[in-house]
Structure formats: structure tokens, C-alpha cells
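So this one's work.cif, mmCIF, C-alpha atoms:
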```cif
data_data
#
loop_
_atom_site.label_atom_id
_atom_site.label_comp_id
_atom_site.auth_asym_id
_atom_site.auth_seq_id
_atom_site.Cartn_x
_atom_site.Cartn_y
_atom_site.Cartn_z
CA MET N 1 0.00 0.00 0.00
CA SER N 2 1.00 3.61 -0.58
CA ARG N 3 -0.02 7.03 0.65
CA LEU N 4 -0.28 10.20 -1.40
CA GLN N 5 -0.38 13.68 0.10
CA ILE N 6 -2.68 15.75 -2.11
CA GLY N 7 -3.05 19.21 -0.63
CA GLU N 8 -4.44 18.64 2.85
CA ALA N 9 -5.59 15.14 1.97
CA GLU N 10 -3.55 12.00 2.58
CA ILE N 11 -5.05 9.05 0.74
CA ASN N 12 -4.10 5.43 1.35
CA PHE N 13 -4.30 3.22 -1.74
CA ALA N 14 -3.05 0.05 -3.39
CA LEU N 15 -2.26 -0.04 -7.11
CA SER N 16 -1.38 -3.41 -8.61
CA GLY N 17 -1.49 -5.34 -11.84
CA PRO N 18 -0.07 -4.95 -15.36
CA GLU N 19 0.71 -1.32 -16.17
CA ASP N 20 -0.69 -1.67 -19.69
CA ALA N 21 -4.00 -3.22 -18.51
CA PRO N 22 -7.28 -1.32 -18.11
CA VAL N 23 -7.61 0.41 -14.74
CA LEU N 24 -10.33 -0.78 -12.36
CA VAL N 25 -11.12 1.40 -9.33
CA LEU N 26 -12.60 -0.38 -6.29
CA ALA N 27 -14.52 1.62 -3.65
CA HIS N 28 -15.37 0.05 -0.29
CA PRO N 29 -18.50 0.29 1.91
CA LEU N 30 -19.04 2.47 4.96
CA GLY N 31 -17.13 1.16 7.96
CA ALA N 32 -14.65 -0.95 5.98
CA ASP N 33 -11.44 -0.27 4.05
CA LEU N 34 -9.71 -1.39 0.88
CA SER N 35 -8.92 -4.82 2.37
CA VAL N 36 -12.45 -6.06 1.63
CA TRP N 37 -11.42 -6.24 -2.03
CA SER N 38 -8.41 -8.51 -1.52
CA GLU N 39 -10.02 -11.73 -2.75
CA VAL N 40 -11.71 -10.12 -5.75
CA SER N 41 -8.47 -8.30 -6.64
CA ALA N 42 -6.51 -11.54 -6.53
CA ARG N 43 -8.90 -13.13 -9.03
CA LEU N 44 -8.62 -10.19 -11.46
CA ALA N 45 -4.92 -9.42 -11.02
CA GLU N 46 -3.87 -10.60 -14.48
CA SER N 47 -6.60 -8.75 -16.36
CA PHE N 48 -6.66 -5.29 -14.76
CA GLN N 49 -4.53 -2.68 -13.10
CA ILE N 50 -6.48 -2.44 -9.86
CA LEU N 51 -6.70 0.73 -7.76
CA ALA N 52 -8.27 0.20 -4.34
CA PHE N 53 -8.30 3.07 -1.86
CA ASP N 54 -9.45 4.06 1.60
CA CYS N 55 -12.18 6.67 1.59
CA ARG N 56 -11.60 9.70 3.82
CA GLY N 57 -12.36 8.90 7.42
CA HIS N 58 -11.44 5.24 6.88
CA GLY N 59 -8.42 2.98 7.06
CA GLY N 60 -5.11 4.71 6.45
CA SER N 61 -6.55 7.80 4.75
CA PHE N 62 -6.93 11.20 6.36
CA LYS N 63 -9.72 11.79 8.83
CA PRO N 64 -10.80 15.43 8.80
CA ALA N 65 -13.62 16.69 10.97
CA GLY N 66 -17.04 15.97 9.45
CA PRO N 67 -19.68 16.03 8.26
CA TYR N 68 -18.68 15.06 4.72
CA THR N 69 -20.52 15.23 1.43
CA LEU N 70 -20.29 13.04 -1.66
CA ASP N 71 -18.63 16.02 -3.33
CA ASP N 72 -15.86 15.66 -0.73
CA LEU N 73 -15.48 11.93 -1.35
CA GLY N 74 -15.66 12.34 -5.11
CA GLY N 75 -13.16 15.17 -5.07
CA ASP N 76 -10.72 12.95 -3.16
CA LEU N 77 -11.03 10.25 -5.80
CA LEU N 78 -10.56 12.63 -8.72
CA ALA N 79 -7.49 14.12 -7.02
CA LEU N 80 -6.07 10.61 -6.57
CA LEU N 81 -6.68 9.72 -10.21
CA ASP N 82 -5.05 12.98 -11.32
CA SER N 83 -2.02 12.37 -9.12
CA LEU N 84 -1.62 8.87 -10.57
CA ALA N 85 -2.11 10.18 -14.14
CA ILE N 86 -5.16 7.95 -14.68
CA ALA N 87 -7.34 9.67 -17.26
CA ARG N 88 -10.12 7.06 -17.46
CA ALA N 89 -11.02 3.94 -15.50
CA HIS N 90 -13.62 1.31 -14.88
CA PHE N 91 -15.26 1.76 -11.48
CA CYS N 92 -16.79 -0.74 -9.06
CA GLY N 93 -18.26 0.47 -5.78
CA LEU N 94 -20.10 -1.46 -3.09
CA SER N 95 -22.69 0.19 -0.80
CA MET N 96 -21.16 3.60 0.02
CA GLY N 97 -18.77 2.95 -2.84
CA GLY N 98 -21.78 2.51 -5.11
CA LEU N 99 -23.11 5.94 -4.15
CA LEU N 100 -19.67 7.31 -4.96
CA GLY N 101 -19.90 5.58 -8.33
CA GLN N 102 -23.17 7.35 -9.03
CA TRP N 103 -21.51 10.65 -8.12
CA PHE N 104 -18.69 9.75 -10.53
CA LEU N 105 -21.25 9.08 -13.28
CA THR N 106 -23.08 12.37 -12.81
CA HIS N 107 -20.11 14.67 -12.08
CA ALA N 108 -17.17 13.24 -14.03
CA PRO N 109 -18.51 10.90 -16.73
CA GLN N 110 -15.56 11.74 -18.99
CA ARG N 111 -13.28 9.89 -16.54
CA LEU N 112 -15.43 6.77 -16.51
CA GLU N 113 -15.37 3.67 -18.71
CA LYS N 114 -17.81 1.04 -17.39
CA LEU N 115 -19.55 1.24 -14.02
CA VAL N 116 -20.46 -1.50 -11.53
CA LEU N 117 -22.77 -0.65 -8.61
CA ALA N 118 -22.96 -3.41 -6.02
CA ASN N 119 -25.25 -3.78 -3.01
CA THR N 120 -26.30 -0.17 -3.14
CA ALA N 121 -29.19 2.15 -4.03
CA ALA N 122 -29.97 5.49 -5.61
CA HIS N 123 -31.14 6.75 -2.21
CA LEU N 124 -30.74 5.39 1.32
CA PRO N 125 -33.67 6.36 3.57
CA ASP N 126 -34.31 7.69 6.06
CA ALA N 127 -32.63 10.80 7.47
CA ALA N 128 -33.80 10.11 11.03
CA ALA N 129 -32.17 6.66 10.99
CA TRP N 130 -28.89 8.12 9.77
CA ASN N 131 -29.00 10.80 12.45
CA GLY N 132 -29.63 8.11 15.04
CA ARG N 133 -26.63 6.16 13.78
CA ILE N 134 -24.44 9.27 13.96
CA ALA N 135 -25.54 9.84 17.56
CA ALA N 136 -24.91 6.20 18.50
CA VAL N 137 -21.39 6.29 17.07
CA ALA N 138 -20.62 9.52 18.89
CA GLU N 139 -21.57 7.83 22.15
CA GLY N 140 -20.18 4.31 21.75
CA GLY N 141 -17.99 4.23 18.63
CA VAL N 142 -18.58 2.07 15.57
CA LYS N 143 -18.12 -0.99 17.80
CA ALA N 144 -21.53 -0.25 19.31
CA LEU N 145 -23.15 -0.86 15.91
CA ARG N 146 -21.31 -4.09 15.10
CA PRO N 147 -23.98 -6.49 16.51
CA ALA N 148 -26.53 -4.97 14.13
CA ILE N 149 -24.23 -4.54 11.12
CA LEU N 150 -22.35 -7.84 10.95
CA PRO N 151 -25.43 -10.09 10.37
CA ARG N 152 -26.46 -7.84 7.49
CA TRP N 153 -22.98 -7.84 5.99
CA LEU N 154 -22.34 -11.59 6.11
CA SER N 155 -24.95 -14.34 6.22
CA GLU N 156 -25.14 -16.65 9.20
CA ALA N 157 -24.12 -19.61 7.04
CA PHE N 158 -21.01 -17.80 5.80
CA ARG N 159 -20.03 -16.60 9.28
CA SER N 160 -20.34 -20.14 10.62
CA ALA N 161 -18.30 -21.65 7.79
CA HIS N 162 -15.65 -18.90 7.64
CA THR N 163 -15.07 -17.80 11.21
CA GLU N 164 -11.65 -16.23 10.53
CA VAL N 165 -13.00 -14.07 7.71
CA ALA N 166 -15.96 -13.00 9.85
CA ALA N 167 -13.59 -12.10 12.68
CA LYS N 168 -11.52 -9.90 10.36
CA ILE N 169 -14.63 -8.06 9.19
CA SER N 170 -15.73 -7.63 12.80
CA ASP N 171 -12.31 -6.19 13.64
CA LEU N 172 -12.61 -3.76 10.72
CA LEU N 173 -15.80 -2.35 12.18
CA ASP N 174 -14.33 -2.11 15.68
CA ALA N 175 -11.28 -0.26 14.36
CA CYS N 176 -13.20 2.20 12.19
CA ASP N 177 -12.74 5.83 13.23
CA ALA N 178 -15.95 7.13 14.82
CA GLY N 179 -15.60 10.63 13.40
CA GLY N 180 -14.85 9.37 9.91
CA TYR N 181 -17.75 6.95 10.05
CA ALA N 182 -20.15 9.66 11.22
CA GLY N 183 -18.86 12.05 8.57
CA CYS N 184 -19.60 9.53 5.83
CA CYS N 185 -23.01 8.76 7.36
CA ALA N 186 -23.91 12.40 6.72
CA ALA N 187 -22.81 12.08 3.08
CA LEU N 188 -24.99 9.00 2.59
CA ARG N 189 -27.93 10.53 4.44
CA ASP N 190 -27.97 13.45 2.02
CA ALA N 191 -27.33 11.50 -1.19
CA ASP N 192 -30.18 11.07 -3.67
CA PHE N 193 -29.66 10.19 -7.34
CA ARG N 194 -33.23 9.23 -8.17
CA GLN N 195 -33.80 12.32 -10.27
CA THR N 196 -30.35 12.56 -11.86
CA LEU N 197 -29.73 8.97 -12.95
CA PRO N 198 -32.30 8.89 -15.78
CA THR N 199 -30.61 11.89 -17.42
CA ALA N 200 -27.00 11.00 -16.59
CA ALA N 201 -24.40 10.29 -19.25
CA LYS N 202 -25.01 7.00 -21.00
CA LYS N 203 -22.56 4.36 -19.83
CA ASP N 204 -22.47 0.58 -19.64
CA ILE N 205 -23.63 -0.12 -16.07
CA LEU N 206 -24.01 -3.33 -14.09
CA VAL N 207 -25.96 -3.45 -10.82
CA ILE N 208 -25.24 -6.38 -8.50
CA VAL N 209 -27.70 -7.33 -5.76
CA GLY N 210 -27.26 -9.81 -2.95
CA GLU N 211 -30.27 -12.05 -2.47
CA ALA N 212 -29.64 -12.12 1.31
CA ASP N 213 -28.70 -8.44 1.62
CA GLY N 214 -30.34 -6.91 4.68
CA SER N 215 -28.82 -3.45 4.25
CA THR N 216 -29.75 -2.72 0.63
CA PRO N 217 -32.30 -5.44 -0.21
CA PRO N 218 -32.80 -6.57 -3.83
CA PRO N 219 -35.73 -4.18 -4.53
CA MET N 220 -33.37 -1.23 -3.94
CA GLY N 221 -30.92 -2.61 -6.49
CA GLU N 222 -33.72 -3.38 -8.91
CA GLU N 223 -34.94 0.23 -8.69
CA LEU N 224 -31.39 1.48 -9.21
CA ALA N 225 -30.93 -0.66 -12.31
CA SER N 226 -34.21 0.62 -13.72
CA LEU N 227 -33.29 4.27 -13.11
CA ALA N 228 -29.80 3.88 -14.57
CA GLY N 229 -30.77 1.70 -17.53
CA ALA N 230 -28.39 -0.94 -16.20
CA GLN N 231 -27.95 -4.67 -16.43
CA LEU N 232 -28.89 -6.54 -13.25
CA ALA N 233 -27.09 -9.52 -11.73
CA ARG N 234 -27.74 -11.47 -8.54
CA LEU N 235 -25.47 -13.24 -6.11
CA LYS N 236 -26.49 -15.58 -3.30
CA ALA N 237 -24.83 -13.39 -0.70
CA ALA N 238 -25.51 -10.80 1.97
CA HIS N 239 -24.43 -7.15 1.84
CA LEU N 240 -20.68 -7.72 1.63
CA SER N 241 -21.00 -9.81 -1.51
CA CYS N 242 -17.41 -9.19 -2.63
CA VAL N 243 -16.31 -11.09 0.49
CA GLU N 244 -19.07 -13.69 0.77
CA ASP N 245 -18.90 -14.71 -2.90
CA ALA N 246 -15.56 -13.45 -4.23
CA ASP N 247 -15.59 -16.05 -7.03
CA GLY N 248 -19.02 -15.03 -8.26
CA PHE N 249 -18.32 -11.32 -7.85
CA ALA N 250 -15.03 -11.50 -9.77
CA ALA N 251 -16.67 -13.54 -12.53
CA LEU N 252 -19.37 -10.90 -12.95
CA LEU N 253 -16.76 -8.15 -13.20
CA ARG N 254 -14.61 -10.09 -15.66
CA ASN N 255 -17.53 -10.89 -17.94
CA PHE N 256 -18.96 -7.35 -17.83
CA LEU N 257 -15.74 -5.39 -18.13
#
```
Could the structure of this file be written out as C-alpha cells, please?
Amino acid sequence: MSRLQIGEAEINFALSGPEDAPVLVLAHPLGADLSVWSEVSARLAESFQILAFDCRGHGGSFKPAGPYTLDDLGGDLLALLDSLAIARAHFCGLSMGGLLGQWFLTHAPQRLEKLVLANTAAHLPDAAAWNGRIAAVAEGGVKALRPAILPRWLSEAFRSAHTEVAAKISDLLDACDAGGYAGCCAALRDADFRQTLPTAAKKDILVIVGEADGSTPPPMGEELASLAGAQLARLKAAHLSCVEDADGFAALLRNFL
């Protein structure tokens, strides 16, 4: 992994793969970091130059005082791409990363090749729930939310069969910076692409839903695909589908991209 200082922002990222291959950007969900992409990246390593990064407030990236907006998160990504001299890239984002992908589509379509939106939605209701989550994190840290989040992220069957993987994901949540998490909660609370997607730049888009996803259930992904004029694919997985079914997820990306 590497860190780039871009103005006041320090962004942690990993860039790997053949230098002459197409670039694929991977954006992680709220409360995680770039490590959730490790298994998918390994399966695509020969076909793409893969750029995974930690969103502000997460992992090894900078953690300014919040609240944040998607303009903040998107600006960080564009600054990273500029610093790495990446003019255009494929983009795959999961959950929060998927909202960032929609921002990318509507604000910088000229930098985008194909777009994959996984386990996400055009809008994440409701504001009161997000405000409640921000208050809970301020009081008890992200660790206080783990008992509610983990069963939505990974199915019970997967957690039972892959205890070490589940423990690593649990540790990710416990280690997540409370201020950074709350700052990104505000960005997601205020995001709404339902009106902009139908008129956004025309791109090849794939929406992936997890059939056991308790955070962004399949109807949310189905609505997103309809609004964006996208293809729709399903995985037998919970919210963190890139971890629960890395083989299936990587195969979808390879076939689509």
C-alpha cells in the first residue's frame, strides 16, 4: 500500500497489476477499508490494473472533521486519479462505494469507462435513521453498531463456515474511526440520485444485488438498475457480496468489463 499527500488530503491506496492493462477502481463500503477487495483483486490481477483506496475517514486515509458530502469523497477520488495520471477507469463500488460511483457518473462521466454498482441504491432512507446512527457512534464508537451490522454484511451460514474471515470483518468495524464513520453517514444521508440517474451520461452499467442483503435489499438494487438503464445480476450473498462470494463477484466483473 502507498499514501499520497494531495493538498491537505492524505489518501491510502493500493495499485497493482499490469501497467498496460485497463484500470479498475474499487470503492469500499461504509465502515470498511480497501482490504475487503483482496479476494476479488486476486482473481482479477492478471486482467486489470487495480486501484483500491481508503475513503476519507477510513483505514489509512486522512480523517478530517465531518460532516462530509459526496462532493468531498468524489473530489478525493478525482485528485487521486489525477495524481496517478489515470485519465479514465472502470469503477466498481459497493454500498457507500456505489453511491460514490453514481456521483462519478453524474459529475465526471468523462473519466469513466464502465460502471459496476454493487449492493447499493440510488437513495438510502431515512434521514432520522442516519441521524440516530451518527448519535450512536458519537456515544459508543462504531463498535456499538457491530452487533446490528455484521449479520447484514455476512450471512449466518457464511459466518459459521468462515469464522476467521468474519472475525476480520468484525475487527474492521471495531477499528473504524468514529468521526470518519459519522462524517460519511452524513454524506450517505444526504445523497439522492433518483432524479439525476435517468438523465446521466449513458454508460455501460451493471448493478449487483445480494439475495440475502439486509442493508440494501434486492428491490433497492432493482430500482437502481431501472433508473440507470443498467444490467442486473444477482449473487447468493448478503451485503458484503465481494467477500461472501468473491468467485461469483469477480466472474461478474470479468464478464462485464
>> Starting from the PyMOL selection byres ((chain N and resi 203) around 8), expand the selection into actual residues of this file and give them as a PyMOL selection string.
In response: chain N and resi 113-115+201-202+204-205
> When you draw a straight line from atom CA of Ala52 of chain N to atom CA of Gln5 of chain N, how long is it in Å?
Replying inline: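 Interatomic distance here is 16.2 Å.
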> Using all atoms listed in the file, which residue out of N:Val25, N:Leu94, N:Val36, N:Leu188 lies closest to Leu80 of chain N?
Replying inline: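 Closest to Leu80 of chain N of all the choices is N:Val25.
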> With only C-alpha atoms as the atoms that count, which of N:Leu232, N:Ala21, N:Ala182, N:Ala225 lies nearest to Ser47 of chain N?
Replying inline: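 Of N:Leu232, N:Ala21, N:Ala182, N:Ala225, the one nearest Ser47 of chain N is N:Ala21, counting only C-alpha atoms.
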> At what distance in Å, to one decimal, does atom CA of Ala230 of chain N lie from atom CA of Ser41 of chain N?
Replying inline: 23.3 Å
> Mind telling me what the PyMOL selection byres ((chain N and resi 31) around 10) catches here, as number ranges by chain?
Replying inline: N: 28-30, 32-33, 55, 57-59, 96, 142, 146, 149, 169, 172-178, 180-182, 184-185
